[in-house]
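Structure file input10.csv with CSV, C-alpha atoms and all ligand atoms:
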```
chain,number,residue,atom,x,y,z
A,16,MET,CA,109.7,101.0,105.9
A,17,LYS,CA,108.7,98.5,108.5
A,18,ARG,CA,110.7,95.4,109.3
A,19,LEU,CA,108.2,92.7,110.4
A,20,ILE,CA,108.8,89.0,110.8
A,21,ALA,CA,106.0,86.5,110.4
A,22,PRO,CA,107.1,82.9,111.2
A,23,SER,CA,105.1,80.4,109.1
A,24,LEU,CA,103.6,77.7,111.3
A,25,LEU,CA,103.5,75.3,108.3
A,26,SER,CA,107.0,74.3,109.3
A,27,ALA,CA,106.3,74.0,113.1
A,28,ASN,CA,106.2,70.8,115.0
A,29,PHE,CA,102.4,70.1,115.4
A,30,GLY,CA,103.1,67.5,118.1
A,31,LYS,CA,104.1,70.5,120.3
A,32,LEU,CA,102.1,73.2,118.7
A,33,HIS,CA,101.4,75.0,122.0
A,34,GLU,CA,105.2,75.3,122.7
A,35,GLU,CA,105.8,76.6,119.2
A,36,ILE,CA,103.2,79.3,119.7
A,37,GLU,CA,104.7,80.2,123.1
A,38,MET,CA,108.1,80.5,121.5
A,39,ILE,CA,106.7,82.9,118.9
A,40,ASN,CA,104.8,84.9,121.6
A,41,LYS,CA,108.1,85.4,123.5
A,42,SER,CA,110.2,86.1,120.4
A,43,GLU,CA,110.7,89.3,118.5
A,44,ALA,CA,108.3,88.0,115.8
A,45,ASP,CA,105.5,90.4,114.8
A,46,TRP,CA,102.8,88.1,113.3
A,47,PHE,CA,101.8,84.4,113.1
A,48,HIS,CA,101.8,83.4,109.4
A,49,ILE,CA,99.1,80.7,108.8
A,50,ASP,CA,99.0,78.8,105.5
A,51,VAL,CA,95.7,77.4,104.4
A,52,MET,CA,95.8,75.0,101.4
A,53,ASP,CA,92.9,73.2,99.8
A,54,GLY,CA,94.6,70.6,97.5
A,55,VAL,CA,93.0,72.3,94.5
A,56,PHE,CA,94.6,75.8,94.2
A,57,VAL,CA,97.9,74.2,95.3
A,58,PRO,CA,98.9,70.5,95.3
A,59,ASN,CA,99.1,70.3,99.1
A,60,ILE,CA,96.5,70.3,101.9
A,61,SER,CA,97.4,71.9,105.2
A,62,PHE,CA,94.9,72.7,108.0
A,63,GLY,CA,91.7,74.5,108.6
A,64,PHE,CA,89.4,76.2,111.2
A,65,PRO,CA,90.0,74.0,114.3
A,66,ILE,CA,93.7,74.4,114.2
A,67,ILE,CA,93.5,78.2,113.6
A,68,LYS,CA,91.0,78.4,116.5
A,69,PHE,CA,93.5,76.6,118.7
A,70,ILE,CA,96.3,78.9,117.6
A,71,LYS,CA,94.2,82.0,118.3
A,72,LYS,CA,93.6,80.9,121.9
A,73,SER,CA,97.3,81.3,122.8
A,74,ALA,CA,98.6,83.7,120.2
A,75,LYS,CA,99.5,87.1,121.6
A,76,LYS,CA,100.2,88.5,118.1
A,77,PRO,CA,98.1,89.1,115.0
A,78,LEU,CA,97.2,86.1,112.8
A,79,ASP,CA,98.3,86.7,109.2
A,80,VAL,CA,96.3,84.1,107.2
A,81,HIS,CA,97.4,83.2,103.7
A,82,LEU,CA,94.6,81.5,101.8
A,83,MET,CA,95.8,79.1,99.0
A,84,ILE,CA,92.3,78.1,98.2
A,85,VAL,CA,90.0,78.5,95.2
A,86,ASP,CA,87.1,81.0,95.5
A,87,PRO,CA,88.2,82.2,99.0
A,88,GLN,CA,85.2,84.6,99.1
A,89,ARG,CA,83.2,81.6,100.3
A,90,TYR,CA,84.9,81.5,103.7
A,91,ILE,CA,85.7,85.1,104.7
A,92,LYS,CA,83.3,85.2,107.6
A,93,GLU,CA,84.6,81.9,108.9
A,94,PHE,CA,88.1,83.1,108.9
A,95,LYS,CA,87.1,86.3,110.8
A,96,ASP,CA,85.3,84.1,113.3
A,97,VAL,CA,88.4,82.0,114.0
A,98,GLY,CA,90.4,85.1,114.6
A,99,ALA,CA,92.2,86.2,111.4
A,100,ASN,CA,93.5,89.7,111.6
A,101,ILE,CA,95.0,89.9,108.2
A,102,LEU,CA,93.4,87.9,105.4
A,103,SER,CA,95.2,87.5,102.1
A,104,VAL,CA,93.7,85.9,99.0
A,105,HIS,CA,95.4,85.0,95.7
A,106,TYR,CA,94.9,87.2,92.7
A,107,GLU,CA,94.8,84.0,90.6
A,108,ALA,CA,92.0,82.5,92.7
A,109,CYS,CA,89.5,85.4,92.7
A,110,THR,CA,87.2,86.3,89.8
A,111,HIS,CA,85.9,89.3,91.6
A,112,LEU,CA,88.9,90.4,93.5
A,113,HIS,CA,87.6,93.9,94.3
A,114,ARG,CA,84.5,92.6,95.9
A,115,THR,CA,86.4,90.0,97.9
A,116,ILE,CA,88.8,92.6,99.2
A,117,ALA,CA,85.9,94.9,100.2
A,118,ALA,CA,84.2,92.0,102.0
A,119,ILE,CA,87.4,91.4,104.0
A,120,ASN,CA,87.7,95.0,105.0
A,121,GLU,CA,84.0,95.2,105.8
A,122,LEU,CA,84.4,92.5,108.4
A,123,GLY,CA,87.2,94.5,110.1
A,124,MET,CA,90.2,92.6,108.8
A,125,GLN,CA,93.2,93.9,106.9
A,126,ALA,CA,93.1,92.7,103.3
A,127,GLY,CA,96.0,91.3,101.3
A,128,VAL,CA,96.3,90.2,97.7
A,129,VAL,CA,98.9,87.5,96.9
A,130,ILE,CA,100.6,87.0,93.5
A,131,ASN,CA,102.3,83.9,92.3
A,132,PRO,CA,105.8,84.1,90.9
A,133,HIS,CA,104.5,84.3,87.3
A,134,THR,CA,102.0,87.1,88.0
A,135,SER,CA,103.2,90.6,87.2
A,136,VAL,CA,102.9,93.4,89.7
A,137,ASN,CA,101.5,95.5,86.9
A,138,LEU,CA,98.2,93.6,87.2
A,139,LEU,CA,97.7,95.2,90.6
A,140,ASP,CA,97.5,98.8,89.3
A,141,ASP,CA,93.7,99.0,89.7
A,142,ILE,CA,93.5,97.2,93.1
A,143,LEU,CA,96.6,98.7,94.9
A,144,SER,CA,94.7,101.5,96.6
A,145,ASP,CA,92.2,99.1,98.0
A,146,VAL,CA,94.5,96.6,99.7
A,147,ASN,CA,96.4,96.9,102.9
A,148,MET,CA,99.1,94.5,101.8
A,149,VAL,CA,100.6,92.8,98.7
A,150,LEU,CA,102.2,89.4,99.3
A,151,ILE,CA,104.7,88.5,96.6
A,152,MET,CA,105.3,84.7,96.5
A,153,SER,CA,109.0,84.1,96.2
A,154,VAL,CA,108.4,80.3,95.6
A,155,ASN,CA,105.5,78.5,93.9
A,156,PRO,CA,103.0,78.1,96.8
A,157,GLY,CA,102.2,74.7,98.3
A,158,TYR,CA,105.3,73.7,100.3
A,159,GLY,CA,107.8,75.0,102.8
A,160,GLY,CA,111.5,74.7,102.4
A,161,GLN,CA,111.7,75.6,98.7
A,162,LYS,CA,114.4,77.6,96.9
A,163,PHE,CA,113.9,81.4,96.7
A,164,ILE,CA,113.2,82.8,93.2
A,165,GLU,CA,115.6,85.6,92.5
A,166,ASN,CA,113.3,87.6,90.2
A,167,THR,CA,111.4,88.5,93.4
A,168,PHE,CA,113.8,91.4,93.9
A,169,THR,CA,112.8,93.0,90.6
A,170,LYS,CA,109.1,92.6,91.5
A,171,ILE,CA,109.5,94.2,94.9
A,172,ASP,CA,111.4,97.2,93.3
A,173,ARG,CA,108.6,97.7,90.7
A,174,LEU,CA,105.9,97.4,93.3
A,175,LYS,CA,107.6,99.8,95.7
A,176,SER,CA,107.8,102.4,93.0
A,177,LYS,CA,104.0,102.1,92.3
A,178,ILE,CA,103.2,102.4,96.1
A,179,ILE,CA,105.4,105.5,96.4
A,180,GLN,CA,103.8,107.0,93.2
A,181,LYS,CA,100.2,106.3,94.5
A,182,ASN,CA,101.2,107.4,98.0
A,183,THR,CA,99.4,104.5,99.7
A,184,ASN,CA,100.4,102.7,102.9
A,185,THR,CA,100.4,99.3,101.3
A,186,LEU,CA,102.7,96.8,103.0
A,187,ILE,CA,104.9,94.4,100.9
A,188,GLU,CA,105.2,90.9,102.3
A,189,ILE,CA,107.5,88.2,100.9
A,190,ASP,CA,106.8,84.5,101.3
A,191,GLY,CA,109.0,81.5,100.4
A,192,GLY,CA,112.7,80.7,100.7
A,193,VAL,CA,113.5,83.6,103.0
A,194,ASP,CA,116.7,83.1,104.9
A,195,LEU,CA,119.5,84.9,106.7
A,196,ILE,CA,121.3,85.5,103.4
A,197,ASN,CA,118.5,87.1,101.3
A,198,ALA,CA,116.6,88.9,104.2
A,199,SER,CA,118.7,92.1,104.3
A,200,LYS,CA,118.5,92.7,100.6
A,201,LEU,CA,114.7,92.0,100.7
A,202,PHE,CA,114.3,94.7,103.3
A,203,GLU,CA,116.6,97.0,101.4
A,204,VAL,CA,114.7,96.8,98.1
A,205,GLY,CA,111.4,97.5,99.9
A,206,ALA,CA,109.9,94.5,101.7
A,207,ASP,CA,108.1,95.4,105.0
A,208,VAL,CA,107.2,91.8,106.2
A,209,LEU,CA,109.2,88.6,105.7
A,210,VAL,CA,107.6,85.2,106.2
A,211,ALA,CA,110.0,82.5,107.3
A,212,GLY,CA,109.1,78.8,107.8
A,213,ASN,CA,112.0,76.5,107.3
A,214,THR,CA,114.6,79.1,108.3
A,215,VAL,CA,113.0,79.6,111.7
A,216,PHE,CA,111.8,76.1,112.6
A,217,SER,CA,114.8,74.1,111.4
A,218,SER,CA,117.1,76.3,113.4
A,219,LYS,CA,118.6,75.1,116.6
A,220,ASN,CA,117.4,78.3,118.3
A,221,PRO,CA,114.2,79.5,116.5
A,222,ALA,CA,113.7,82.6,118.7
A,223,GLU,CA,117.3,83.7,118.1
A,224,THR,CA,116.8,83.2,114.3
A,225,ILE,CA,113.7,85.3,114.4
A,226,SER,CA,115.7,88.0,116.2
A,227,GLN,CA,118.5,87.8,113.6
A,228,LEU,CA,116.0,88.1,110.7
A,229,LYS,CA,114.4,91.1,112.3
A,230,ASN,CA,117.7,92.9,113.1
A,231,ILE,CA,119.6,91.9,110.0
B,1,LIG,C1,104.3,78.2,100.9
B,1,LIG,C2,103.8,79.0,102.1
B,1,LIG,C3,104.8,79.6,102.9
B,1,LIG,C4,105.8,78.6,103.5
B,1,LIG,C5,107.1,79.2,103.5
B,1,LIG,O1,103.3,77.9,100.0
B,1,LIG,O2,102.9,80.1,101.6
B,1,LIG,O3,104.3,80.4,103.9
B,1,LIG,O4,105.4,78.1,104.8
B,1,LIG,O5,108.0,78.3,103.9
B,1,LIG,P1,109.6,78.6,103.8
B,1,LIG,O6,109.9,79.8,104.5
B,1,LIG,O7,110.2,77.3,104.3
B,1,LIG,O8,109.9,78.7,102.3
B,2,ZN,ZN,102.4,81.6,103.2
```
As structure tokens:
Amino acid sequence: MKRLIAPSLLSANFGKLHEEIEMINKSEADWFHIDVMDGVFVPNISFGFPIIKFIKKSAKKPLDVHLMIVDPQRYIKEFKDVGANILSVHYEACTHLHRTIAAINELGMQAGVVINPHTSVNLLDDILSDVNMVLIMSVNPGYGGQKFIENTFTKIDRLKSKIIQKNTNTLIEIDGGVDLINASKLFEVGADVLVAGNTVFSSKNPAETISQLKNI
């Protein structure tokens, strides 16, 4: 099991974005987590291509892009062009998920599928062998700083069994409400990657908090 940390820039101070990126570069973080919201799939709007391009210019670690947008297949090439390394789309937003995942892989990116808190991991049985990662939302997507949903532990456990049974290398990423209290249990039950927004960026020493999460 890997123990990767992906700070979510949604909670960063955009007035000093370059410094925030440098902090992550120098920290023990593994990926940059980038949340794209369209105001339709989720009630919030975040940022788009120009900001991601700016991040890519200074980022020395992979960009893990989480699309909270309807019909994400419309923009796969654009996200590749601005520098996404891992591109994750919501199960609930894709009518032809298999085709969308294939298109992401064909452009040379790692493909992830994201499930909302109400979506069962059982629905992934016929796509699991095709994705590089499953992102389990541990809050309802749209905002940083929300309360962690405890049922996530059961979902990770169930998904991990399926991954072991199918003998795939699929990573499990957890996003929402991750903190220094639940992080160790999340890794123990089978998470490989933890996203953390508020926990990192509201901390007095974000780099130290990243280190604590990683070595918990
Ligand atoms: C929520 C986003 C998350 C968010 C996590 O819709 O997908 O990545 O930034 O923020 P925290 O860690 O504060 O819950
Ligand atoms: Zn996210």
Length of the CA of Asn120 in chain A to CA of Gln88 in chain A vector [Å] = 12.2 Å
Could you state the separation of CA of Val85 in chain A and CA of Glu121 in chain A in Å, given to one decimal place?
-> 20.7 Å
Just the residues within 12 Å of Val97 in chain A, please, counting only C-alpha atoms, with nothing from its chain fewer than 4 positions along; format it as a ChimeraX atom specification.
-> /A:49,63-72,78-80,90-93,101-102,124
Residues within 6 Å of ligand ZN 2 (chain B), counting all atoms listed in the file: report them as a list of chain:residue names.
->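 Listing the residues within 6 Å of ligand ZN 2 (chain B) gives A:Asp50, A:His81, A:Asp190.
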Throw together the list of residues within 6 Å of ligand LIG 1 (chain B), counting all atoms listed in the file, and drop it here as number ranges by chain.
-> A: 23, 25, 50, 156-161, 190-193, 211-213
What does the distance from CA of Leu82 in chain A to CA of Asn40 in chain A come to in Å, to one decimal?
->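 Separation between CA of Leu82 in chain A and CA of Asn40 in chain A: 22.5 Å.
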From A:Ile84, A:Ile130, A:Ile39, A:Leu195, residue lying nearest Val55 in chain A [all atoms listed in the file] | A:Ile84
Minimum-distance residue to Asp53 in chain A, chosen among A:Ala74, A:Lys200, A:Met148, A:Pro87 (using only C-alpha atoms) =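 Nearest candidate to Asp53 in chain A out of A:Ala74, A:Lys200, A:Met148, A:Pro87: A:Pro87.
Residue nearest Leu186 in chain A within the list A:Met152, A:Leu19, A:Leu138, A:Ala198: A:Leu19 [criterion: smallest interatomic distance, all atoms listed in the file].
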First collect every listed atom of range 174-178 of chain A; then fit an axis-aligned box around them, widen it by 8 Å on each side, and give centre and edge lengths in Å to one decimal, as AutoDock Vina command-line options.
```
--center_x 105.5 --center_y 99.9 --center_z 94.2 --size_x 20.6 --size_y 21.0 --size_z 19.8
```
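Of the residues listed (A:Ile119, A:Ile20, A:Leu32, A:Ile231), A:Ile20 shows the shortest atom-to-atom separation from Ile189 in chain A; distances use all atoms listed in the file.
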Restricting to all atoms listed in the file, whichever of A:Thr185, A:Thr169, A:Asn155, A:Ser176 is closest to Leu201 in chain A is A:Thr169
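Each of A:Glu37, A:Asp140, A:Asp145, A:Asp194 was checked against Arg114 in chain A using only C-alpha atoms; the smallest atom-to-atom distance is that of A:Asp145.
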Take range 38-74 of chain A from the preceding structure and save N, CA, C and O atoms as a PDB file, in the first residue's frame.
```pdb
ATOM      1  N   MET A  38       5.732  25.891  -1.560  1.00  0.00           N
ATOM      2  CA  MET A  38       5.649  25.171  -0.280  1.00  0.00           C
ATOM      3  C   MET A  38       5.396  23.677  -0.552  1.00  0.00           C
ATOM      4  O   MET A  38       6.049  22.805   0.036  1.00  0.00           O
ATOM      5  N   ILE A  39       4.470  23.399  -1.473  1.00  0.00           N
ATOM      6  CA  ILE A  39       4.163  21.993  -1.783  1.00  0.00           C
ATOM      7  C   ILE A  39       5.360  21.325  -2.468  1.00  0.00           C
ATOM      8  O   ILE A  39       5.714  20.187  -2.153  1.00  0.00           O
ATOM      9  N   ASN A  40       6.021  22.057  -3.371  1.00  0.00           N
ATOM     10  CA  ASN A  40       7.218  21.504  -4.028  1.00  0.00           C
ATOM     11  C   ASN A  40       8.251  21.046  -3.012  1.00  0.00           C
ATOM     12  O   ASN A  40       8.859  19.994  -3.156  1.00  0.00           O
ATOM     13  N   LYS A  41       8.449  21.880  -1.974  1.00  0.00           N
ATOM     14  CA  LYS A  41       9.510  21.579  -0.999  1.00  0.00           C
ATOM     15  C   LYS A  41       9.059  20.586   0.067  1.00  0.00           C
ATOM     16  O   LYS A  41       9.873  20.077   0.820  1.00  0.00           O
ATOM     17  N   SER A  42       7.765  20.357   0.165  1.00  0.00           N
ATOM     18  CA  SER A  42       7.217  19.511   1.229  1.00  0.00           C
ATOM     19  C   SER A  42       7.310  18.030   0.842  1.00  0.00           C
ATOM     20  O   SER A  42       7.786  17.687  -0.231  1.00  0.00           O
ATOM     21  N   GLU A  43       6.797  17.184   1.719  1.00  0.00           N
ATOM     22  CA  GLU A  43       6.756  15.744   1.430  1.00  0.00           C
ATOM     23  C   GLU A  43       5.510  15.337   0.642  1.00  0.00           C
ATOM     24  O   GLU A  43       5.240  14.150   0.482  1.00  0.00           O
ATOM     25  N   ALA A  44       4.760  16.327   0.175  1.00  0.00           N
ATOM     26  CA  ALA A  44       3.562  16.012  -0.622  1.00  0.00           C
ATOM     27  C   ALA A  44       3.961  15.274  -1.896  1.00  0.00           C
ATOM     28  O   ALA A  44       5.066  15.454  -2.422  1.00  0.00           O
ATOM     29  N   ASP A  45       3.042  14.444  -2.400  1.00  0.00           N
ATOM     30  CA  ASP A  45       3.337  13.651  -3.591  1.00  0.00           C
ATOM     31  C   ASP A  45       2.715  14.240  -4.852  1.00  0.00           C
ATOM     32  O   ASP A  45       3.309  14.188  -5.923  1.00  0.00           O
ATOM     33  N   TRP A  46       1.501  14.763  -4.735  1.00  0.00           N
ATOM     34  CA  TRP A  46       0.774  15.302  -5.888  1.00  0.00           C
ATOM     35  C   TRP A  46       0.165  16.647  -5.518  1.00  0.00           C
ATOM     36  O   TRP A  46      -0.026  16.968  -4.340  1.00  0.00           O
ATOM     37  N   PHE A  47      -0.180  17.429  -6.556  1.00  0.00           N
ATOM     38  CA  PHE A  47      -1.027  18.615  -6.402  1.00  0.00           C
ATOM     39  C   PHE A  47      -2.457  18.175  -6.724  1.00  0.00           C
ATOM     40  O   PHE A  47      -2.696  17.668  -7.830  1.00  0.00           O
ATOM     41  N   HIS A  48      -3.401  18.359  -5.794  1.00  0.00           N
ATOM     42  CA  HIS A  48      -4.794  18.032  -6.092  1.00  0.00           C
ATOM     43  C   HIS A  48      -5.505  19.305  -6.550  1.00  0.00           C
ATOM     44  O   HIS A  48      -5.493  20.330  -5.863  1.00  0.00           O
ATOM     45  N   ILE A  49      -6.131  19.223  -7.731  1.00  0.00           N
ATOM     46  CA  ILE A  49      -6.717  20.401  -8.365  1.00  0.00           C
ATOM     47  C   ILE A  49      -8.204  20.152  -8.632  1.00  0.00           C
ATOM     48  O   ILE A  49      -8.557  19.230  -9.369  1.00  0.00           O
ATOM     49  N   ASP A  50      -9.051  20.961  -8.010  1.00  0.00           N
ATOM     50  CA  ASP A  50     -10.500  20.758  -8.067  1.00  0.00           C
ATOM     51  C   ASP A  50     -11.147  21.700  -9.070  1.00  0.00           C
ATOM     52  O   ASP A  50     -11.133  22.918  -8.877  1.00  0.00           O
ATOM     53  N   VAL A  51     -11.734  21.121 -10.105  1.00  0.00           N
ATOM     54  CA  VAL A  51     -12.405  21.932 -11.130  1.00  0.00           C
ATOM     55  C   VAL A  51     -13.920  21.756 -10.980  1.00  0.00           C
ATOM     56  O   VAL A  51     -14.435  20.642 -11.052  1.00  0.00           O
ATOM     57  N   MET A  52     -14.615  22.869 -10.747  1.00  0.00           N
ATOM     58  CA  MET A  52     -16.070  22.823 -10.506  1.00  0.00           C
ATOM     59  C   MET A  52     -16.783  23.745 -11.485  1.00  0.00           C
ATOM     60  O   MET A  52     -16.318  24.856 -11.742  1.00  0.00           O
ATOM     61  N   ASP A  53     -17.942  23.267 -11.973  1.00  0.00           N
ATOM     62  CA  ASP A  53     -18.619  24.012 -13.044  1.00  0.00           C
ATOM     63  C   ASP A  53     -19.903  24.727 -12.629  1.00  0.00           C
ATOM     64  O   ASP A  53     -20.589  25.314 -13.464  1.00  0.00           O
ATOM     65  N   GLY A  54     -20.281  24.633 -11.357  1.00  0.00           N
ATOM     66  CA  GLY A  54     -21.527  25.276 -10.936  1.00  0.00           C
ATOM     67  C   GLY A  54     -22.776  24.552 -11.416  1.00  0.00           C
ATOM     68  O   GLY A  54     -23.890  25.051 -11.240  1.00  0.00           O
ATOM     69  N   VAL A  55     -22.608  23.383 -12.035  1.00  0.00           N
ATOM     70  CA  VAL A  55     -23.750  22.586 -12.499  1.00  0.00           C
ATOM     71  C   VAL A  55     -23.724  21.212 -11.810  1.00  0.00           C
ATOM     72  O   VAL A  55     -24.657  20.845 -11.109  1.00  0.00           O
ATOM     73  N   PHE A  56     -22.619  20.504 -11.987  1.00  0.00           N
ATOM     74  CA  PHE A  56     -22.489  19.208 -11.306  1.00  0.00           C
ATOM     75  C   PHE A  56     -22.431  19.403  -9.793  1.00  0.00           C
ATOM     76  O   PHE A  56     -22.925  18.588  -9.025  1.00  0.00           O
ATOM     77  N   VAL A  57     -21.774  20.475  -9.380  1.00  0.00           N
ATOM     78  CA  VAL A  57     -21.716  20.860  -7.959  1.00  0.00           C
ATOM     79  C   VAL A  57     -22.167  22.323  -7.857  1.00  0.00           C
ATOM     80  O   VAL A  57     -22.085  23.064  -8.836  1.00  0.00           O
ATOM     81  N   PRO A  58     -22.623  22.737  -6.676  1.00  0.00           N
ATOM     82  CA  PRO A  58     -23.171  24.103  -6.571  1.00  0.00           C
ATOM     83  C   PRO A  58     -22.115  25.216  -6.590  1.00  0.00           C
ATOM     84  O   PRO A  58     -22.480  26.388  -6.531  1.00  0.00           O
ATOM     85  N   ASN A  59     -20.867  24.868  -6.687  1.00  0.00           N
ATOM     86  CA  ASN A  59     -19.797  25.866  -6.600  1.00  0.00           C
ATOM     87  C   ASN A  59     -19.033  25.947  -7.923  1.00  0.00           C
ATOM     88  O   ASN A  59     -19.040  25.009  -8.712  1.00  0.00           O
ATOM     89  N   ILE A  60     -18.354  27.075  -8.152  1.00  0.00           N
ATOM     90  CA  ILE A  60     -17.477  27.239  -9.321  1.00  0.00           C
ATOM     91  C   ILE A  60     -16.078  27.498  -8.792  1.00  0.00           C
ATOM     92  O   ILE A  60     -15.904  28.300  -7.865  1.00  0.00           O
ATOM     93  N   SER A  61     -15.061  26.807  -9.322  1.00  0.00           N
ATOM     94  CA  SER A  61     -13.703  27.046  -8.803  1.00  0.00           C
ATOM     95  C   SER A  61     -12.864  27.780  -9.840  1.00  0.00           C
ATOM     96  O   SER A  61     -12.940  28.994  -9.949  1.00  0.00           O
ATOM     97  N   PHE A  62     -12.084  27.061 -10.608  1.00  0.00           N
ATOM     98  CA  PHE A  62     -11.198  27.714 -11.581  1.00  0.00           C
ATOM     99  C   PHE A  62     -10.991  26.780 -12.765  1.00  0.00           C
ATOM    100  O   PHE A  62     -11.364  25.605 -12.720  1.00  0.00           O
ATOM    101  N   GLY A  63     -10.380  27.332 -13.815  1.00  0.00           N
ATOM    102  CA  GLY A  63     -10.235  26.553 -15.049  1.00  0.00           C
ATOM    103  C   GLY A  63      -8.824  26.571 -15.611  1.00  0.00           C
ATOM    104  O   GLY A  63      -7.842  26.680 -14.875  1.00  0.00           O
ATOM    105  N   PHE A  64      -8.739  26.521 -16.931  1.00  0.00           N
ATOM    106  CA  PHE A  64      -7.464  26.281 -17.615  1.00  0.00           C
ATOM    107  C   PHE A  64      -6.347  27.284 -17.308  1.00  0.00           C
ATOM    108  O   PHE A  64      -5.205  26.868 -17.097  1.00  0.00           O
ATOM    109  N   PRO A  65      -6.594  28.605 -17.275  1.00  0.00           N
ATOM    110  CA  PRO A  65      -5.462  29.525 -17.057  1.00  0.00           C
ATOM    111  C   PRO A  65      -4.765  29.300 -15.713  1.00  0.00           C
ATOM    112  O   PRO A  65      -3.539  29.367 -15.621  1.00  0.00           O
ATOM    113  N   ILE A  66      -5.552  29.006 -14.690  1.00  0.00           N
ATOM    114  CA  ILE A  66      -4.968  28.769 -13.362  1.00  0.00           C
ATOM    115  C   ILE A  66      -4.163  27.467 -13.359  1.00  0.00           C
ATOM    116  O   ILE A  66      -3.051  27.393 -12.811  1.00  0.00           O
ATOM    117  N   ILE A  67      -4.698  26.441 -13.996  1.00  0.00           N
ATOM    118  CA  ILE A  67      -3.988  25.152 -14.017  1.00  0.00           C
ATOM    119  C   ILE A  67      -2.669  25.295 -14.790  1.00  0.00           C
ATOM    120  O   ILE A  67      -1.636  24.780 -14.382  1.00  0.00           O
ATOM    121  N   LYS A  68      -2.718  26.053 -15.869  1.00  0.00           N
ATOM    122  CA  LYS A  68      -1.501  26.321 -16.654  1.00  0.00           C
ATOM    123  C   LYS A  68      -0.449  27.013 -15.783  1.00  0.00           C
ATOM    124  O   LYS A  68       0.741  26.683 -15.828  1.00  0.00           O
ATOM    125  N   PHE A  69      -0.902  27.977 -14.994  1.00  0.00           N
ATOM    126  CA  PHE A  69      -0.011  28.718 -14.098  1.00  0.00           C
ATOM    127  C   PHE A  69       0.613  27.768 -13.070  1.00  0.00           C
ATOM    128  O   PHE A  69       1.820  27.813 -12.807  1.00  0.00           O
ATOM    129  N   ILE A  70      -0.219  26.903 -12.496  1.00  0.00           N
ATOM    130  CA  ILE A  70       0.276  25.941 -11.501  1.00  0.00           C
ATOM    131  C   ILE A  70       1.322  25.028 -12.145  1.00  0.00           C
ATOM    132  O   ILE A  70       2.385  24.768 -11.580  1.00  0.00           O
ATOM    133  N   LYS A  71       1.007  24.553 -13.346  1.00  0.00           N
ATOM    134  CA  LYS A  71       1.897  23.601 -14.024  1.00  0.00           C
ATOM    135  C   LYS A  71       3.294  24.178 -14.256  1.00  0.00           C
ATOM    136  O   LYS A  71       4.295  23.447 -14.212  1.00  0.00           O
ATOM    137  N   LYS A  72       3.351  25.501 -14.492  1.00  0.00           N
ATOM    138  CA  LYS A  72       4.647  26.129 -14.778  1.00  0.00           C
ATOM    139  C   LYS A  72       5.635  25.941 -13.633  1.00  0.00           C
ATOM    140  O   LYS A  72       6.826  25.793 -13.845  1.00  0.00           O
ATOM    141  N   SER A  73       5.138  25.972 -12.372  1.00  0.00           N
ATOM    142  CA  SER A  73       6.049  25.863 -11.225  1.00  0.00           C
ATOM    143  C   SER A  73       5.979  24.528 -10.500  1.00  0.00           C
ATOM    144  O   SER A  73       6.857  24.234  -9.684  1.00  0.00           O
ATOM    145  N   ALA A  74       4.954  23.733 -10.756  1.00  0.00           N
ATOM    146  CA  ALA A  74       4.775  22.491  -9.998  1.00  0.00           C
ATOM    147  C   ALA A  74       5.844  21.467 -10.371  1.00  0.00           C
ATOM    148  O   ALA A  74       6.092  21.221 -11.550  1.00  0.00           O
TER     149      ALA A  74
END
```
